[in-house]
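**Q** File follows, start24.cif with mmCIF, C-alpha atoms, pLDDT in the B column; chains and numbers go by the auth columns:
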data_protein
#
loop_
_atom_site.group_PDB
_atom_site.id
_atom_site.type_symbol
_atom_site.label_atom_id
_atom_site.label_comp_id
_atom_site.label_asym_id
_atom_site.label_seq_id
_atom_site.Cartn_x
_atom_site.Cartn_y
_atom_site.Cartn_z
_atom_site.B_iso_or_equiv
_atom_site.auth_seq_id
_atom_site.auth_asym_id
ATOM 1 C CA MET A 1 -13.087 -2.866 -23.949 68.00 1415 A
ATOM 2 C CA PHE A 2 -15.974 -1.483 -21.871 76.00 1416 A
ATOM 3 C CA TRP A 3 -15.793 -4.519 -19.578 76.00 1417 A
ATOM 4 C CA LEU A 4 -12.329 -3.534 -18.370 81.00 1418 A
ATOM 5 C CA ILE A 5 -13.602 -0.277 -16.853 87.00 1419 A
ATOM 6 C CA GLY A 6 -14.376 -2.051 -13.572 88.00 1420 A
ATOM 7 C CA GLY A 7 -10.810 -3.294 -13.191 86.00 1421 A
ATOM 8 C CA VAL A 8 -9.354 0.093 -14.132 90.00 1422 A
ATOM 9 C CA PHE A 9 -11.639 1.918 -11.682 93.00 1423 A
ATOM 10 C CA MET A 10 -10.843 -0.611 -8.942 91.00 1424 A
ATOM 11 C CA GLY A 11 -7.114 -0.187 -9.622 89.00 1425 A
ATOM 12 C CA TRP A 12 -7.428 3.580 -9.356 90.00 1426 A
ATOM 13 C CA SER A 13 -9.385 3.421 -6.090 91.00 1427 A
ATOM 14 C CA LEU A 14 -6.940 0.875 -4.680 88.00 1428 A
ATOM 15 C CA GLY A 15 -4.037 3.190 -5.458 87.00 1429 A
ATOM 16 C CA ALA A 16 -5.851 6.186 -4.026 87.00 1430 A
ATOM 17 C CA ASN A 17 -6.480 4.384 -0.750 87.00 1431 A
ATOM 18 C CA HIS A 18 -3.424 2.154 -0.337 86.00 1432 A
ATOM 19 C CA ALA A 19 -0.526 4.311 -1.541 83.00 1433 A
ATOM 20 C CA ALA A 20 -0.469 5.986 1.861 84.00 1434 A
ATOM 21 C CA ASN A 21 0.159 2.594 3.468 87.00 1435 A
ATOM 22 C CA VAL A 22 3.553 2.239 1.843 91.00 1436 A
ATOM 23 C CA PHE A 23 5.034 5.754 1.953 92.00 1437 A
ATOM 24 C CA GLY A 24 2.670 7.702 4.212 90.00 1438 A
ATOM 25 C CA THR A 25 5.027 7.704 7.172 89.00 1439 A
ATOM 26 C CA GLY A 26 8.003 8.889 5.132 92.00 1440 A
ATOM 27 C CA VAL A 27 6.022 11.621 3.369 93.00 1441 A
ATOM 28 C CA ALA A 28 4.328 12.806 6.571 92.00 1442 A
ATOM 29 C CA ALA A 29 7.696 12.990 8.335 91.00 1443 A
ATOM 30 C CA GLY A 30 9.148 15.034 5.467 92.00 1444 A
ATOM 31 C CA VAL A 31 11.784 12.384 4.787 91.00 1445 A
ATOM 32 C CA ILE A 32 10.508 11.503 1.298 94.00 1446 A
ATOM 33 C CA LYS A 33 8.981 13.926 -1.177 95.00 1447 A
ATOM 34 C CA TYR A 34 5.421 13.144 -2.236 94.00 1448 A
ATOM 35 C CA ARG A 35 6.362 13.087 -5.932 95.00 1449 A
ATOM 36 C CA ASN A 36 9.169 10.578 -5.326 95.00 1450 A
ATOM 37 C CA ALA A 37 6.878 8.409 -3.219 94.00 1451 A
ATOM 38 C CA VAL A 38 4.282 8.303 -6.010 93.00 1452 A
ATOM 39 C CA ILE A 39 6.894 7.367 -8.623 95.00 1453 A
ATOM 40 C CA LEU A 40 8.452 4.648 -6.444 96.00 1454 A
ATOM 41 C CA THR A 41 5.020 3.290 -5.526 94.00 1455 A
ATOM 42 C CA ALA A 42 4.028 3.042 -9.197 93.00 1456 A
ATOM 43 C CA ILE A 43 7.259 1.345 -10.242 96.00 1457 A
ATOM 44 C CA PHE A 44 7.383 -1.226 -7.460 96.00 1458 A
ATOM 45 C CA ALA A 45 3.637 -1.936 -7.444 94.00 1459 A
ATOM 46 C CA ILE A 46 3.823 -2.773 -11.154 94.00 1460 A
ATOM 47 C CA ILE A 47 6.847 -5.021 -10.599 96.00 1461 A
ATOM 48 C CA GLY A 48 5.048 -6.815 -7.752 95.00 1462 A
ATOM 49 C CA ALA A 49 1.879 -7.214 -9.819 92.00 1463 A
ATOM 50 C CA VAL A 50 3.761 -8.693 -12.771 93.00 1464 A
ATOM 51 C CA VAL A 51 6.115 -10.954 -10.799 94.00 1465 A
ATOM 52 C CA GLU A 52 3.820 -12.308 -8.088 92.00 1466 A
ATOM 53 C CA GLY A 53 0.315 -11.072 -8.857 87.00 1467 A
ATOM 54 C CA PRO A 54 -1.020 -14.180 -10.588 85.00 1468 A
ATOM 55 C CA LYS A 55 -0.665 -16.201 -7.362 84.00 1469 A
ATOM 56 C CA CYS A 56 -3.680 -14.475 -5.775 82.00 1470 A
ATOM 57 C CA MET A 57 -5.821 -14.001 -8.883 81.00 1471 A
ATOM 58 C CA ASN A 58 -7.095 -17.576 -8.918 81.00 1472 A
ATOM 59 C CA ILE A 59 -8.181 -17.323 -5.267 85.00 1473 A
ATOM 60 C CA ILE A 60 -10.377 -14.284 -5.905 86.00 1474 A
ATOM 61 C CA GLY A 61 -11.626 -15.821 -9.149 82.00 1475 A
ATOM 62 C CA SER A 62 -12.545 -19.101 -7.460 85.00 1476 A
ATOM 63 C CA ILE A 63 -14.910 -17.593 -4.854 88.00 1477 A
ATOM 64 C CA GLY A 64 -17.745 -17.922 -7.345 85.00 1478 A
ATOM 65 C CA LYS A 65 -18.349 -18.107 -11.069 84.00 1479 A
ATOM 66 C CA LEU A 66 -18.953 -14.726 -12.656 86.00 1480 A
ATOM 67 C CA ASN A 67 -19.631 -13.920 -16.267 88.00 1481 A
ATOM 68 C CA LEU A 68 -17.984 -10.881 -17.852 89.00 1482 A
ATOM 69 C CA GLN A 69 -20.908 -8.551 -17.150 90.00 1483 A
ATOM 70 C CA LEU A 70 -21.213 -9.603 -13.504 90.00 1484 A
ATOM 71 C CA ALA A 71 -17.434 -9.348 -12.988 90.00 1485 A
ATOM 72 C CA THR A 72 -17.604 -5.781 -14.282 92.00 1486 A
ATOM 73 C CA VAL A 73 -20.506 -4.912 -11.978 91.00 1487 A
ATOM 74 C CA VAL A 74 -18.715 -6.487 -8.988 92.00 1488 A
ATOM 75 C CA THR A 75 -15.493 -4.534 -9.578 93.00 1489 A
ATOM 76 C CA ILE A 76 -17.340 -1.267 -10.205 94.00 1490 A
ATOM 77 C CA CYS A 77 -19.388 -1.682 -7.014 94.00 1491 A
ATOM 78 C CA SER A 78 -16.240 -2.466 -5.023 95.00 1492 A
ATOM 79 C CA ALA A 79 -14.435 0.506 -6.530 95.00 1493 A
ATOM 80 C CA VAL A 80 -17.322 2.833 -5.688 95.00 1494 A
ATOM 81 C CA ALA A 81 -17.313 1.630 -2.068 95.00 1495 A
ATOM 82 C CA VAL A 82 -13.532 2.064 -1.790 94.00 1496 A
ATOM 83 C CA SER A 83 -13.669 5.494 -3.467 94.00 1497 A
ATOM 84 C CA ILE A 84 -16.383 6.785 -1.151 95.00 1498 A
ATOM 85 C CA ILE A 85 -14.529 5.653 1.954 94.00 1499 A
ATOM 86 C CA THR A 86 -11.248 7.041 0.564 92.00 1500 A
ATOM 87 C CA TYR A 87 -12.976 10.402 0.024 93.00 1501 A
ATOM 88 C CA PHE A 88 -13.534 10.517 3.790 94.00 1502 A
ATOM 89 C CA SER A 89 -9.827 9.710 4.392 88.00 1503 A
ATOM 90 C CA ILE A 90 -10.589 6.341 5.969 89.00 1504 A
ATOM 91 C CA PRO A 91 -8.423 3.322 5.150 85.00 1505 A
ATOM 92 C CA ILE A 92 -10.312 0.328 3.751 88.00 1506 A
ATOM 93 C CA SER A 93 -9.414 -3.170 2.687 90.00 1507 A
ATOM 94 C CA THR A 94 -9.937 -3.585 -1.040 91.00 1508 A
ATOM 95 C CA SER A 95 -9.720 -7.340 -0.462 91.00 1509 A
ATOM 96 C CA GLN A 96 -12.753 -7.187 1.789 92.00 1510 A
ATOM 97 C CA ALA A 97 -14.576 -4.948 -0.684 94.00 1511 A
ATOM 98 C CA ILE A 98 -14.064 -7.248 -3.675 93.00 1512 A
ATOM 99 C CA VAL A 99 -14.664 -10.461 -1.718 93.00 1513 A
ATOM 100 C CA GLY A 100 -17.858 -9.016 -0.240 93.00 1514 A
ATOM 101 C CA SER A 101 -19.044 -7.944 -3.682 93.00 1515 A
ATOM 102 C CA ILE A 102 -18.323 -11.354 -5.189 91.00 1516 A
ATOM 103 C CA ILE A 103 -20.097 -13.113 -2.319 92.00 1517 A
ATOM 104 C CA GLY A 104 -23.139 -10.872 -2.761 91.00 1518 A
ATOM 105 C CA ALA A 105 -23.232 -11.464 -6.507 90.00 1519 A
ATOM 106 C CA THR A 106 -22.702 -15.207 -6.299 89.00 1520 A
ATOM 107 C CA ILE A 107 -25.309 -15.673 -3.567 89.00 1521 A
ATOM 108 C CA ARG A 108 -27.808 -13.984 -5.870 84.00 1522 A
ATOM 109 C CA TYR A 109 -26.842 -15.768 -9.081 78.00 1523 A
ATOM 110 C CA ASN A 110 -24.790 -18.847 -8.154 72.00 1524 A
ATOM 111 C CA ASN A 111 -23.347 -20.642 -5.157 77.00 1525 A
ATOM 112 C CA PRO A 112 -20.209 -19.133 -3.652 84.00 1526 A
ATOM 113 C CA ASP A 113 -17.400 -21.475 -2.595 83.00 1527 A
ATOM 114 C CA PHE A 114 -17.484 -21.071 1.178 84.00 1528 A
ATOM 115 C CA SER A 115 -14.339 -23.185 1.656 86.00 1529 A
ATOM 116 C CA ILE A 116 -12.331 -20.508 -0.186 87.00 1530 A
ATOM 117 C CA ILE A 117 -14.135 -17.748 1.714 88.00 1531 A
ATOM 118 C CA GLY A 118 -13.221 -19.433 5.022 89.00 1532 A
ATOM 119 C CA LYS A 119 -9.534 -19.498 4.055 89.00 1533 A
ATOM 120 C CA ILE A 120 -9.638 -15.837 3.069 90.00 1534 A
ATOM 121 C CA MET A 121 -11.338 -14.844 6.340 91.00 1535 A
ATOM 122 C CA LEU A 122 -8.779 -16.835 8.329 93.00 1536 A
ATOM 123 C CA CYS A 123 -6.067 -14.795 6.623 91.00 1537 A
ATOM 124 C CA TRP A 124 -7.933 -11.581 7.466 91.00 1538 A
ATOM 125 C CA PHE A 125 -7.864 -12.600 11.108 93.00 1539 A
ATOM 126 C CA LEU A 126 -4.276 -13.881 11.243 96.00 1540 A
ATOM 127 C CA THR A 127 -2.610 -11.151 9.170 93.00 1541 A
ATOM 128 C CA PRO A 128 -2.862 -8.391 11.825 93.00 1542 A
ATOM 129 C CA VAL A 129 -1.714 -10.822 14.533 97.00 1543 A
ATOM 130 C CA PHE A 130 1.385 -11.900 12.619 96.00 1544 A
ATOM 131 C CA ALA A 131 2.073 -8.342 11.461 94.00 1545 A
ATOM 132 C CA CYS A 132 2.063 -7.226 15.088 97.00 1546 A
ATOM 133 C CA LEU A 133 4.457 -10.003 16.125 97.00 1547 A
ATOM 134 C CA ILE A 134 6.825 -9.427 13.202 96.00 1548 A
ATOM 135 C CA THR A 135 6.819 -5.661 13.747 94.00 1549 A
ATOM 136 C CA PHE A 136 7.535 -6.014 17.452 97.00 1550 A
ATOM 137 C CA THR A 137 10.416 -8.409 16.776 97.00 1551 A
ATOM 138 C CA LEU A 138 11.925 -6.278 14.004 94.00 1552 A
ATOM 139 C CA TYR A 139 11.599 -3.169 16.139 94.00 1553 A
ATOM 140 C CA LEU A 140 13.567 -4.801 18.961 96.00 1554 A
ATOM 141 C CA ILE A 141 16.301 -5.917 16.552 96.00 1555 A
ATOM 142 C CA ALA A 142 16.498 -2.557 14.753 92.00 1556 A
ATOM 143 C CA ASN A 143 16.527 -0.663 18.045 92.00 1557 A
ATOM 144 C CA LYS A 144 19.462 -2.729 19.339 94.00 1558 A
ATOM 145 C CA LEU A 145 21.399 -2.276 16.086 92.00 1559 A
ATOM 146 C CA VAL A 146 20.803 1.476 15.988 91.00 1560 A
ATOM 147 C CA ASN A 147 21.769 1.917 19.650 90.00 1561 A
ATOM 148 C CA LYS A 148 24.909 -0.169 19.132 92.00 1562 A
ATOM 149 C CA TYR A 149 26.191 1.174 15.800 92.00 1563 A
ATOM 150 C CA VAL A 150 24.704 4.624 15.165 90.00 1564 A
ATOM 151 C CA ARG A 151 26.695 7.317 16.911 87.00 1565 A
ATOM 152 C CA SER A 152 25.692 10.574 15.211 90.00 1566 A
ATOM 153 C CA GLY A 153 22.521 12.379 14.280 88.00 1567 A
ATOM 154 C CA ALA A 154 23.588 12.510 10.625 91.00 1568 A
ATOM 155 C CA THR A 155 24.010 8.746 10.510 91.00 1569 A
ATOM 156 C CA LEU A 156 20.655 8.259 12.209 90.00 1570 A
ATOM 157 C CA ASN A 157 18.983 10.547 9.646 90.00 1571 A
ATOM 158 C CA PHE A 158 20.625 8.552 6.847 91.00 1572 A
ATOM 159 C CA VAL A 159 19.400 5.253 8.316 90.00 1573 A
ATOM 160 C CA ILE A 160 15.863 6.599 8.754 90.00 1574 A
ATOM 161 C CA LYS A 161 15.684 8.133 5.272 92.00 1575 A
ATOM 162 C CA TYR A 162 16.933 5.076 3.430 92.00 1576 A
ATOM 163 C CA GLY A 163 15.160 2.661 5.748 91.00 1577 A
ATOM 164 C CA LEU A 164 11.822 4.367 5.031 93.00 1578 A
ATOM 165 C CA THR A 165 12.591 4.443 1.314 95.00 1579 A
ATOM 166 C CA LEU A 166 13.521 0.757 1.164 95.00 1580 A
ATOM 167 C CA SER A 167 10.574 -0.336 3.276 93.00 1581 A
ATOM 168 C CA GLY A 168 8.264 1.821 1.139 94.00 1582 A
ATOM 169 C CA CYS A 169 9.580 0.221 -2.056 96.00 1583 A
ATOM 170 C CA TYR A 170 9.086 -3.239 -0.593 95.00 1584 A
ATOM 171 C CA GLY A 171 5.616 -2.237 0.616 94.00 1585 A
ATOM 172 C CA ALA A 172 4.737 -1.031 -2.885 95.00 1586 A
ATOM 173 C CA TYR A 173 6.010 -4.322 -4.333 96.00 1587 A
ATOM 174 C CA THR A 174 3.811 -6.340 -1.974 93.00 1588 A
ATOM 175 C CA LEU A 175 0.903 -3.967 -2.643 92.00 1589 A
ATOM 176 C CA GLY A 176 1.093 -4.811 -6.323 92.00 1590 A
ATOM 177 C CA ALA A 177 1.729 -8.510 -5.728 92.00 1591 A
ATOM 178 C CA ASN A 178 -1.199 -8.972 -3.375 89.00 1592 A
ATOM 179 C CA ASN A 179 -3.738 -6.482 -4.666 89.00 1593 A
ATOM 180 C CA VAL A 180 -3.616 -6.942 -8.431 89.00 1594 A
ATOM 181 C CA ALA A 181 -6.018 -9.805 -7.729 89.00 1595 A
ATOM 182 C CA ASN A 182 -8.473 -7.336 -6.225 89.00 1596 A
ATOM 183 C CA THR A 183 -8.623 -5.417 -9.497 89.00 1597 A
ATOM 184 C CA THR A 184 -8.620 -8.344 -11.930 88.00 1598 A
ATOM 185 C CA GLY A 185 -9.430 -11.511 -9.977 87.00 1599 A
ATOM 186 C CA ALA A 186 -13.176 -11.247 -10.591 88.00 1600 A
ATOM 187 C CA TYR A 187 -12.480 -11.596 -14.326 86.00 1601 A
ATOM 188 C CA VAL A 188 -10.479 -14.809 -13.892 81.00 1602 A
ATOM 189 C CA SER A 189 -13.519 -17.052 -13.470 68.00 1603 A
#
Can the structure from this file be put into structure tokens for me?
**A**
Amino acid sequence: MFWLIGGVFMGWSLGANHAANVFGTGVAAGVIKYRNAVILTAIFAIIGAVVEGPKCMNIIGSIGKLNLQLATVVTICSAVAVSIITYFSIPISTSQAIVGSIIGATIRYNNPDFSIIGKIMLCWFLTPVFACLITFTLYLIANKLVNKYVRSGATLNFVIKYGLTLSGCYGAYTLGANNVANTTGAYVS
């Protein structure tokens, strides 16, 4: 049971740092209450982790072979790094934290699989580029639809409130789907 403490701590630090990514805008704008955002984040992150989480676990687990003790150390070290940076209110990538920890551990004790690391780093580079392109495109489409169909301030407020809620729920789902591997992937190998 002790060996799971690393995954639990990493999960906590991930939630502490990343929950703002999914509902921060809505909460800061006063559109969604903090309590509701936390509840929705928890529900949809769990659904995402259960439904799609296993897809990424094998990638993290295949970076290098770790025994149970080393997997625990790697997740605890990653969680400490994420927690410290979260304390200073700075966003951090838990993927980069866990991958960096696994690389460090496997260089010391084994040989990391650099082909997997290259694929992961390519994703780290391409993700912001594609996110920018998708956001720009969706913004143009949403702006045209709102200008064409929304005629009153009340309707606009409704669209914003429920749009932020729906996008936050989807963000929480993807948070769970993608990041459950960061908390448990080190144990897979």
**Q** When you draw a straight line from atom CA of A:Ser1515 to atom CA of A:Val1465, how long is it in Å?
**A**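 Straight-line distance from atom CA of A:Ser1515 to atom CA of A:Val1465 works out to 26.3 Å.
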**Q** Could you build a table of the residues in stretch 1527-1577 of chain A lying no more than 8 Å from stretch 1473-1491 of chain A, giving for each the nearest pair of atoms and their separation in Å rounded to one decimal place, using all atoms listed in the file, ordered by chain and ascending residue number, as a Markdown table?
**A**
| residue | atom | partner | partner_atom | distance |
| --- | --- | --- | --- | --- |
| A:Asp1527 | CA | A:Ile1477 | CA | 5.1 |
| A:Phe1528 | CA | A:Ile1477 | CA | 7.4 |
| A:Ile1530 | CA | A:Ile1477 | CA | 6.1 |
| A:Ile1531 | CA | A:Ile1477 | CA | 6.6 |
**Q** When you count only C-alpha atoms, which of these residues is closest to A:Gly1440: A:Gly1425, A:Gly1532, A:Pro1468, A:Gly1577?
**A**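 Closest candidate: A:Gly1577.
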**Q** Here's the selection I'm unsure about, the PyMOL selection byres ((chain A and resi 1566-1576) around 12); applied to the file above, which residues does it give, as a list of chain:residue names?
**A**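 After applying the PyMOL selection byres ((chain A and resi 1566-1576) around 12), what remains is A:Phe1437, A:Thr1439, A:Gly1440, A:Val1441, A:Ala1443, A:Gly1444, A:Val1445, A:Ile1446, A:Lys1447, A:Ala1556, A:Asn1557, A:Leu1559, A:Val1560, A:Asn1561, A:Lys1562, A:Tyr1563, A:Val1564, A:Arg1565, A:Gly1577, A:Leu1578, A:Thr1579, A:Leu1580, A:Ser1581, A:Gly1582, A:Cys1583.
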**Q** Within 10 Å of stretch 1538-1550 of chain A, which residues of stretch 1421-1525 of chain A show up? Give each one with its shortest atom-to-atom distance in Å (one decimal) and the two atoms involved, counting only C-alpha atoms, rows by chain then rising residue number, as JSON lines.
**A**
{"residue": "A:Ser1507", "atom": "CA", "partner": "A:Trp1538", "partner_atom": "CA", "distance": 9.8}
{"residue": "A:Ser1509", "atom": "CA", "partner": "A:Trp1538", "partner_atom": "CA", "distance": 9.2}
{"residue": "A:Gln1510", "atom": "CA", "partner": "A:Trp1538", "partner_atom": "CA", "distance": 8.6}
**Q** Enter the distance from atom CA of A:Val1464 to atom CA of A:Ala1433, in Å, rounded to one decimal.
**A**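 Straight-line distance from atom CA of A:Val1464 to atom CA of A:Ala1433 works out to 17.7 Å.
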**Q** What separation in Å, quoted to one decimal, exists between atom CA of A:Leu1418 and atom CA of A:Tyr1448?
**A** 29.2 Å
**Q** Which residue is closest to A:Ala1595? Choose from A:Asn1431, A:Leu1554, A:Thr1508, A:Ser1497 and count only C-alpha atoms.
**A** A:Thr1508
**Q** Check what the PyMOL selection byres ((chain A and resi 1462) around 9) selects in the file above and give those residues as a VMD selection string.
**A** chain A and resid 1457 to 1461 1463 to 1467 1584 1586 to 1592 1594
**Q** Enclose stretch 1522-1540 of chain A, meaning all of its atoms listed in the file, in a box aligned along x, y and z, pad it by 3 Å on each side, and list the centre and edge lengths in Å to one decimal, as lines of an AutoDock Vina configuration file.
**A**
center_x = -16.0
center_y = -17.4
center_z = 1.1
size_x = 29.5
size_y = 17.6
size_z = 26.3
**Q** Step by step: start from the point (-13.8, 0.3, -2.6) in the file's coordinates, keep every protein, DNA or RNA residue that has an atom no farther than 7 Å from it, count all atoms listed in the file, and write the set as a list of chain:residue names.
**A**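 Answer for this query, in the requested form: A:Ser1427, A:Ser1492, A:Ala1493, A:Val1494, A:Ala1495, A:Val1496, A:Ser1497, A:Thr1508, A:Ala1511.
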**Q** Looking at only C-alpha atoms, which of A:Asn1524, A:Asn1593, A:Asn1435, A:Thr1598 is the one that sits closest to A:Pro1505?
**A**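 Closest to A:Pro1505, using only C-alpha atoms: A:Asn1435.
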**Q** Out of A:Leu1428, A:Ala1434, A:Ala1456, A:Asn1450, which residue has the shortest atom-to-atom distance to A:Ile1498 when counting all atoms listed in the file?
**A** A:Leu1428
